[in-house]
>>> print(open('target.cif').read())   # mmCIF, N, CA and C atoms
data_structure
loop_
_atom_site.label_atom_id
_atom_site.label_comp_id
_atom_site.auth_asym_id
_atom_site.auth_seq_id
_atom_site.Cartn_x
_atom_site.Cartn_y
_atom_site.Cartn_z
N MET A 1 93.65 193.97 92.70
CA MET A 1 94.37 194.45 93.87
C MET A 1 94.01 195.92 94.10
N SER A 2 93.91 196.30 95.37
CA SER A 2 93.66 197.69 95.70
C SER A 2 94.48 198.07 96.93
N ILE A 3 94.83 199.34 97.01
CA ILE A 3 95.62 199.85 98.13
C ILE A 3 94.94 201.09 98.68
N ASN A 4 94.79 201.13 100.00
CA ASN A 4 94.21 202.28 100.68
C ASN A 4 95.05 202.53 101.93
N VAL A 5 96.14 203.27 101.79
CA VAL A 5 97.05 203.55 102.90
C VAL A 5 97.29 205.05 102.98
N VAL A 6 97.14 205.60 104.18
CA VAL A 6 97.38 207.02 104.42
C VAL A 6 98.39 207.13 105.57
N THR A 7 99.43 207.92 105.36
CA THR A 7 100.43 208.19 106.40
C THR A 7 100.52 209.70 106.57
N LEU A 8 100.36 210.17 107.81
CA LEU A 8 100.37 211.60 108.09
C LEU A 8 101.19 211.90 109.35
N VAL A 9 101.83 213.06 109.37
CA VAL A 9 102.50 213.57 110.56
C VAL A 9 102.03 215.01 110.72
N GLY A 10 101.54 215.34 111.91
CA GLY A 10 101.06 216.70 112.15
C GLY A 10 100.76 216.93 113.60
N ARG A 11 100.13 218.07 113.88
CA ARG A 11 99.77 218.45 115.25
C ARG A 11 98.27 218.31 115.47
N VAL A 12 97.93 217.82 116.66
CA VAL A 12 96.54 217.59 117.04
C VAL A 12 95.85 218.93 117.28
N GLY A 13 94.64 219.07 116.72
CA GLY A 13 93.93 220.35 116.78
C GLY A 13 93.09 220.58 118.00
N GLY A 14 92.82 219.57 118.78
CA GLY A 14 91.99 219.72 119.98
C GLY A 14 92.14 218.50 120.86
N GLU A 15 91.53 218.53 122.02
CA GLU A 15 91.60 217.38 122.92
C GLU A 15 90.84 216.19 122.32
N PRO A 16 91.31 214.97 122.57
CA PRO A 16 90.65 213.78 122.04
C PRO A 16 89.21 213.66 122.55
N GLU A 17 88.31 213.23 121.68
CA GLU A 17 86.93 212.95 122.05
C GLU A 17 86.79 211.44 122.18
N MET A 18 86.57 210.97 123.41
CA MET A 18 86.47 209.55 123.69
C MET A 18 85.01 209.13 123.82
N LYS A 19 84.70 207.94 123.30
CA LYS A 19 83.35 207.39 123.45
C LYS A 19 83.49 205.91 123.79
N TYR A 20 82.84 205.51 124.88
CA TYR A 20 82.89 204.13 125.33
C TYR A 20 81.54 203.47 125.07
N TYR A 21 81.57 202.26 124.53
CA TYR A 21 80.34 201.52 124.22
C TYR A 21 80.12 200.42 125.25
N ASP A 22 78.86 200.00 125.42
CA ASP A 22 78.53 198.93 126.36
C ASP A 22 79.25 197.63 126.01
N SER A 23 79.57 197.44 124.75
CA SER A 23 80.24 196.21 124.30
C SER A 23 81.70 196.15 124.74
N GLY A 24 82.22 197.27 125.28
CA GLY A 24 83.62 197.32 125.69
C GLY A 24 84.50 198.02 124.66
N LYS A 25 83.95 198.29 123.49
CA LYS A 25 84.71 198.99 122.46
C LYS A 25 84.86 200.46 122.85
N VAL A 26 85.94 201.07 122.38
CA VAL A 26 86.17 202.48 122.62
C VAL A 26 86.66 203.12 121.33
N VAL A 27 86.19 204.35 121.08
CA VAL A 27 86.61 205.09 119.89
C VAL A 27 87.10 206.47 120.34
N CYS A 28 88.13 206.93 119.66
CA CYS A 28 88.68 208.26 119.91
C CYS A 28 88.66 209.02 118.60
N LYS A 29 88.18 210.25 118.64
CA LYS A 29 88.16 211.10 117.45
C LYS A 29 89.05 212.31 117.69
N LEU A 30 89.86 212.63 116.68
CA LEU A 30 90.81 213.74 116.73
C LEU A 30 90.80 214.49 115.42
N THR A 31 91.29 215.72 115.44
CA THR A 31 91.60 216.43 114.20
C THR A 31 93.11 216.61 114.14
N LEU A 32 93.65 216.56 112.93
CA LEU A 32 95.09 216.65 112.74
C LEU A 32 95.39 217.71 111.69
N ALA A 33 96.27 218.66 112.05
CA ALA A 33 96.71 219.69 111.12
C ALA A 33 98.05 219.26 110.53
N VAL A 34 98.09 219.20 109.19
CA VAL A 34 99.30 218.78 108.48
C VAL A 34 99.70 219.89 107.52
N ASP A 35 100.94 220.36 107.66
CA ASP A 35 101.43 221.39 106.77
C ASP A 35 101.70 220.80 105.39
N ARG A 36 101.21 221.49 104.37
CA ARG A 36 101.47 221.10 102.98
C ARG A 36 102.74 221.81 102.54
N ARG A 37 103.63 221.07 101.91
CA ARG A 37 104.88 221.67 101.44
C ARG A 37 104.60 222.53 100.22
N SER A 38 104.63 223.84 100.44
CA SER A 38 104.34 224.78 99.37
C SER A 38 104.93 226.13 99.74
N ARG A 39 105.37 226.86 98.76
CA ARG A 39 105.92 228.20 99.02
C ARG A 39 104.84 229.22 99.34
N ASN A 40 103.66 229.08 98.74
CA ASN A 40 102.61 230.09 98.86
C ASN A 40 101.58 229.79 99.94
N ASN A 41 101.64 228.61 100.55
CA ASN A 41 100.57 228.18 101.44
C ASN A 41 101.08 228.08 102.88
N ASP A 42 100.51 228.88 103.78
CA ASP A 42 100.90 228.77 105.18
C ASP A 42 99.78 228.20 106.05
N LYS A 43 98.70 227.74 105.42
CA LYS A 43 97.60 227.14 106.15
C LYS A 43 97.71 225.61 106.05
N PRO A 44 97.44 224.92 107.16
CA PRO A 44 97.53 223.45 107.13
C PRO A 44 96.29 222.81 106.51
N ASP A 45 96.45 221.57 106.10
CA ASP A 45 95.31 220.74 105.72
C ASP A 45 94.83 220.07 107.01
N TRP A 46 93.51 219.97 107.18
CA TRP A 46 92.93 219.36 108.38
C TRP A 46 92.33 218.00 108.04
N PHE A 47 92.59 217.02 108.89
CA PHE A 47 92.08 215.66 108.71
C PHE A 47 91.35 215.22 109.97
N ASN A 48 90.25 214.50 109.78
CA ASN A 48 89.53 213.88 110.89
C ASN A 48 90.09 212.47 111.06
N LEU A 49 90.44 212.12 112.30
CA LEU A 49 90.98 210.81 112.60
C LEU A 49 90.02 210.04 113.49
N GLU A 50 89.98 208.71 113.29
CA GLU A 50 89.17 207.82 114.11
C GLU A 50 90.06 206.67 114.55
N LEU A 51 90.20 206.49 115.86
CA LEU A 51 91.03 205.43 116.42
C LEU A 51 90.16 204.53 117.27
N TRP A 52 90.43 203.23 117.27
CA TRP A 52 89.61 202.27 117.99
C TRP A 52 90.44 201.46 118.98
N ASP A 53 89.76 200.99 120.01
CA ASP A 53 90.27 200.03 120.98
C ASP A 53 91.56 200.48 121.66
N LYS A 54 92.61 199.66 121.66
CA LYS A 54 93.84 199.97 122.39
C LYS A 54 94.49 201.25 121.87
N THR A 55 94.48 201.46 120.56
CA THR A 55 95.04 202.68 119.98
C THR A 55 94.27 203.90 120.47
N ALA A 56 92.97 203.77 120.60
CA ALA A 56 92.13 204.86 121.12
C ALA A 56 92.48 205.16 122.57
N GLU A 57 92.69 204.12 123.37
CA GLU A 57 93.05 204.31 124.78
C GLU A 57 94.38 205.04 124.92
N VAL A 58 95.37 204.67 124.10
CA VAL A 58 96.67 205.34 124.13
C VAL A 58 96.50 206.82 123.78
N ALA A 59 95.73 207.10 122.73
CA ALA A 59 95.49 208.49 122.33
C ALA A 59 94.79 209.26 123.45
N GLY A 60 93.80 208.66 124.07
CA GLY A 60 93.07 209.33 125.15
C GLY A 60 93.96 209.65 126.34
N ASN A 61 94.96 208.81 126.59
CA ASN A 61 95.84 209.00 127.75
C ASN A 61 97.03 209.92 127.48
N TYR A 62 97.55 209.93 126.25
CA TYR A 62 98.81 210.62 125.98
C TYR A 62 98.76 211.74 124.95
N VAL A 63 97.69 211.83 124.18
CA VAL A 63 97.61 212.84 123.13
C VAL A 63 96.78 214.02 123.61
N HIS A 64 97.29 215.22 123.36
CA HIS A 64 96.59 216.44 123.75
C HIS A 64 96.69 217.46 122.61
N LYS A 65 95.93 218.52 122.72
CA LYS A 65 95.99 219.59 121.72
C LYS A 65 97.43 220.05 121.56
N GLY A 66 97.91 220.12 120.31
CA GLY A 66 99.27 220.54 120.03
C GLY A 66 100.27 219.42 119.95
N SER A 67 99.91 218.20 120.38
CA SER A 67 100.83 217.07 120.31
C SER A 67 101.22 216.79 118.86
N LEU A 68 102.48 216.46 118.67
CA LEU A 68 102.96 216.03 117.36
C LEU A 68 102.83 214.52 117.29
N ILE A 69 102.05 214.03 116.32
CA ILE A 69 101.85 212.59 116.18
C ILE A 69 102.03 212.17 114.73
N GLY A 70 102.31 210.91 114.55
CA GLY A 70 102.32 210.28 113.24
C GLY A 70 101.26 209.20 113.24
N VAL A 71 100.54 209.07 112.14
CA VAL A 71 99.50 208.05 112.04
C VAL A 71 99.60 207.32 110.71
N LYS A 72 99.18 206.08 110.73
CA LYS A 72 99.07 205.28 109.50
C LYS A 72 97.74 204.58 109.56
N GLY A 73 97.01 204.64 108.47
CA GLY A 73 95.68 204.04 108.44
C GLY A 73 95.13 204.02 107.04
N SER A 74 93.80 204.08 106.95
CA SER A 74 93.13 204.03 105.65
C SER A 74 92.05 205.11 105.58
N LEU A 75 91.79 205.56 104.36
CA LEU A 75 90.75 206.56 104.12
C LEU A 75 89.40 205.87 104.06
N LYS A 76 88.43 206.42 104.79
CA LYS A 76 87.06 205.92 104.71
C LYS A 76 86.11 207.10 104.68
N PHE A 77 84.88 206.87 104.31
CA PHE A 77 83.87 207.91 104.28
C PHE A 77 82.73 207.53 105.20
N ASN A 78 82.42 208.42 106.15
CA ASN A 78 81.26 208.25 107.01
C ASN A 78 80.07 208.87 106.30
N SER A 79 78.96 208.14 106.22
CA SER A 79 77.76 208.63 105.53
C SER A 79 76.58 208.68 106.49
N TRP A 80 75.69 209.66 106.27
CA TRP A 80 74.48 209.80 107.07
C TRP A 80 73.46 210.61 106.29
N ASN A 81 72.20 210.49 106.69
CA ASN A 81 71.13 211.29 106.10
C ASN A 81 70.95 212.54 106.94
N ASP A 82 70.99 213.69 106.29
CA ASP A 82 70.80 214.97 106.96
C ASP A 82 69.40 215.00 107.57
N ARG A 83 69.32 215.35 108.83
CA ARG A 83 68.02 215.36 109.54
C ARG A 83 67.06 216.40 108.97
N GLN A 84 67.59 217.53 108.53
CA GLN A 84 66.74 218.60 108.02
C GLN A 84 66.22 218.31 106.62
N SER A 85 67.15 217.93 105.72
CA SER A 85 66.78 217.80 104.31
C SER A 85 66.61 216.36 103.85
N GLY A 86 67.13 215.40 104.63
CA GLY A 86 67.06 213.99 104.22
C GLY A 86 68.10 213.63 103.17
N ILE A 87 68.93 214.58 102.78
CA ILE A 87 69.96 214.34 101.76
C ILE A 87 71.09 213.52 102.37
N LEU A 88 71.61 212.57 101.59
CA LEU A 88 72.72 211.75 102.01
C LEU A 88 73.99 212.60 102.03
N ARG A 89 74.65 212.66 103.15
CA ARG A 89 75.89 213.41 103.33
C ARG A 89 77.02 212.43 103.61
N SER A 90 78.25 212.87 103.35
CA SER A 90 79.41 212.04 103.69
C SER A 90 80.58 212.93 104.07
N SER A 91 81.49 212.36 104.84
CA SER A 91 82.65 213.09 105.31
C SER A 91 83.85 212.15 105.31
N PRO A 92 84.99 212.58 104.77
CA PRO A 92 86.17 211.71 104.79
C PRO A 92 86.77 211.63 106.19
N CYS A 93 87.36 210.49 106.49
CA CYS A 93 87.94 210.23 107.79
C CYS A 93 89.10 209.26 107.61
N ILE A 94 90.13 209.40 108.43
CA ILE A 94 91.24 208.45 108.41
C ILE A 94 91.03 207.47 109.56
N ARG A 95 90.87 206.19 109.25
CA ARG A 95 90.76 205.13 110.26
C ARG A 95 92.19 204.72 110.61
N VAL A 96 92.64 205.10 111.80
CA VAL A 96 94.04 204.93 112.21
C VAL A 96 94.27 203.53 112.75
N ASP A 97 95.31 202.87 112.20
CA ASP A 97 95.74 201.56 112.68
C ASP A 97 96.99 201.68 113.54
N GLN A 98 97.83 202.67 113.25
CA GLN A 98 99.10 202.84 113.96
C GLN A 98 99.25 204.30 114.38
N LEU A 99 99.60 204.50 115.65
CA LEU A 99 99.79 205.83 116.22
C LEU A 99 101.20 205.93 116.77
N ASP A 100 101.93 206.96 116.37
CA ASP A 100 103.27 207.22 116.91
C ASP A 100 103.24 208.55 117.64
N LEU A 101 103.63 208.54 118.91
CA LEU A 101 103.69 209.76 119.73
C LEU A 101 105.04 210.41 119.50
N LEU A 102 105.04 211.57 118.85
CA LEU A 102 106.28 212.23 118.47
C LEU A 102 106.62 213.42 119.35
N GLY A 103 105.70 213.91 120.14
CA GLY A 103 105.97 215.02 121.04
C GLY A 103 104.88 216.06 120.99
N SER A 104 105.07 217.14 121.75
CA SER A 104 104.13 218.26 121.76
C SER A 104 104.90 219.55 121.76
N LYS A 105 104.25 220.65 121.49
CA LYS A 105 104.92 221.96 121.51
C LYS A 105 105.54 222.20 122.88
N ARG A 106 104.83 221.88 123.93
CA ARG A 106 105.32 222.07 125.29
C ARG A 106 106.57 221.23 125.53
N ASP A 107 106.58 219.98 125.05
CA ASP A 107 107.74 219.11 125.21
C ASP A 107 108.95 219.67 124.46
N ALA A 108 108.72 220.18 123.27
CA ALA A 108 109.81 220.74 122.47
C ALA A 108 110.38 221.98 123.15
N GLU A 109 109.51 222.83 123.70
CA GLU A 109 109.96 224.04 124.38
C GLU A 109 110.75 223.71 125.64
N ALA A 110 110.34 222.65 126.35
CA ALA A 110 111.01 222.26 127.58
C ALA A 110 112.23 221.38 127.31
N GLY A 111 112.39 220.94 126.06
CA GLY A 111 113.51 220.07 125.72
C GLY A 111 113.29 218.64 126.17
N GLY A 112 112.03 218.28 126.47
CA GLY A 112 111.74 216.94 126.96
C GLY A 112 111.75 215.89 125.87
N ASP A 113 111.97 214.65 126.28
CA ASP A 113 111.97 213.52 125.35
C ASP A 113 110.63 212.82 125.47
N PHE A 114 109.81 212.90 124.45
CA PHE A 114 108.46 212.35 124.47
C PHE A 114 108.38 211.07 123.63
N SER A 115 109.39 210.25 123.69
CA SER A 115 109.37 209.02 122.91
C SER A 115 108.60 207.94 123.68
N PRO A 116 107.93 207.01 122.96
CA PRO A 116 107.11 205.99 123.62
C PRO A 116 107.90 205.13 124.59
N GLU A 117 109.22 205.00 124.40
CA GLU A 117 110.02 204.15 125.29
C GLU A 117 110.02 204.68 126.73
N ASN A 118 109.70 205.98 126.90
CA ASN A 118 109.72 206.59 128.22
C ASN A 118 108.44 206.37 129.00
N PHE A 119 107.49 205.63 128.45
CA PHE A 119 106.23 205.40 129.14
C PHE A 119 106.08 203.96 129.52
#
>>> encode(input="target.cif", output="structure tokens")
Amino acid sequence: MSINVVTLVGRVGGEPEMKYYDSGKVVCKLTLAVDRRSRNNDKPDWFNLELWDKTAEVAGNYVHKGSLIGVKGSLKFNSWNDRQSGILRSSPCIRVDQLDLLGSKRDAEAGGDFSPENF
């Protein structure tokens, strides 16, 4: 038996990057800043997120820089050969299965309710 589950809540670091394929598939890439609970650390941990299909469409339509979101997914590693050196490189990524829209800084400042039921 093996378990690969990641759950994160944080703020989106930039606008979603959407890519549409001829096959009809769509992927959305985001960065997520998550505060680590620590007395000495005021810098967030950054995570690369990858969302596919309907979840990607929701992110592309409703998620913006600064949005507070929750995600649940699995850790994966993207691998490629470096064009310059030919060395195999890899980068961790969270493959998101579930996206929860929790709000944005602007919504919090305005006192707005950014729950999914309102859409």
>>> resolve_selection(input="target.cif", expression="the PyMOL selection byres (((chain A and resi 93-101 and name CA) around 10) and name CA)", output="PyMOL selection string")
chain A and resi 5-9+28-31+47-52+55-56+58-59+62-63+67-78+90-92+102-104+114-116
>>> atom_distance(input="target.cif", atom1="atom CA of A:Asp35", atom2="atom N of A:Lys65")
17.1 Å
>>> atom_distance(input="target.cif", atom1="atom CA of A:Arg11", atom2="atom CA of A:Pro44")
9.8 Å
>>> select_by_dssp(input="target.cif", residues="chain A", states="strand (DSSP E)", output="PyMOL selection string")
chain A and resi 6-12+17-20+26-34+45-52+67-81+88-104
>>> atom_distance(input="target.cif", atom1="atom CA of A:Ala33", atom2="atom CA of A:Gly10")
5.4 Å
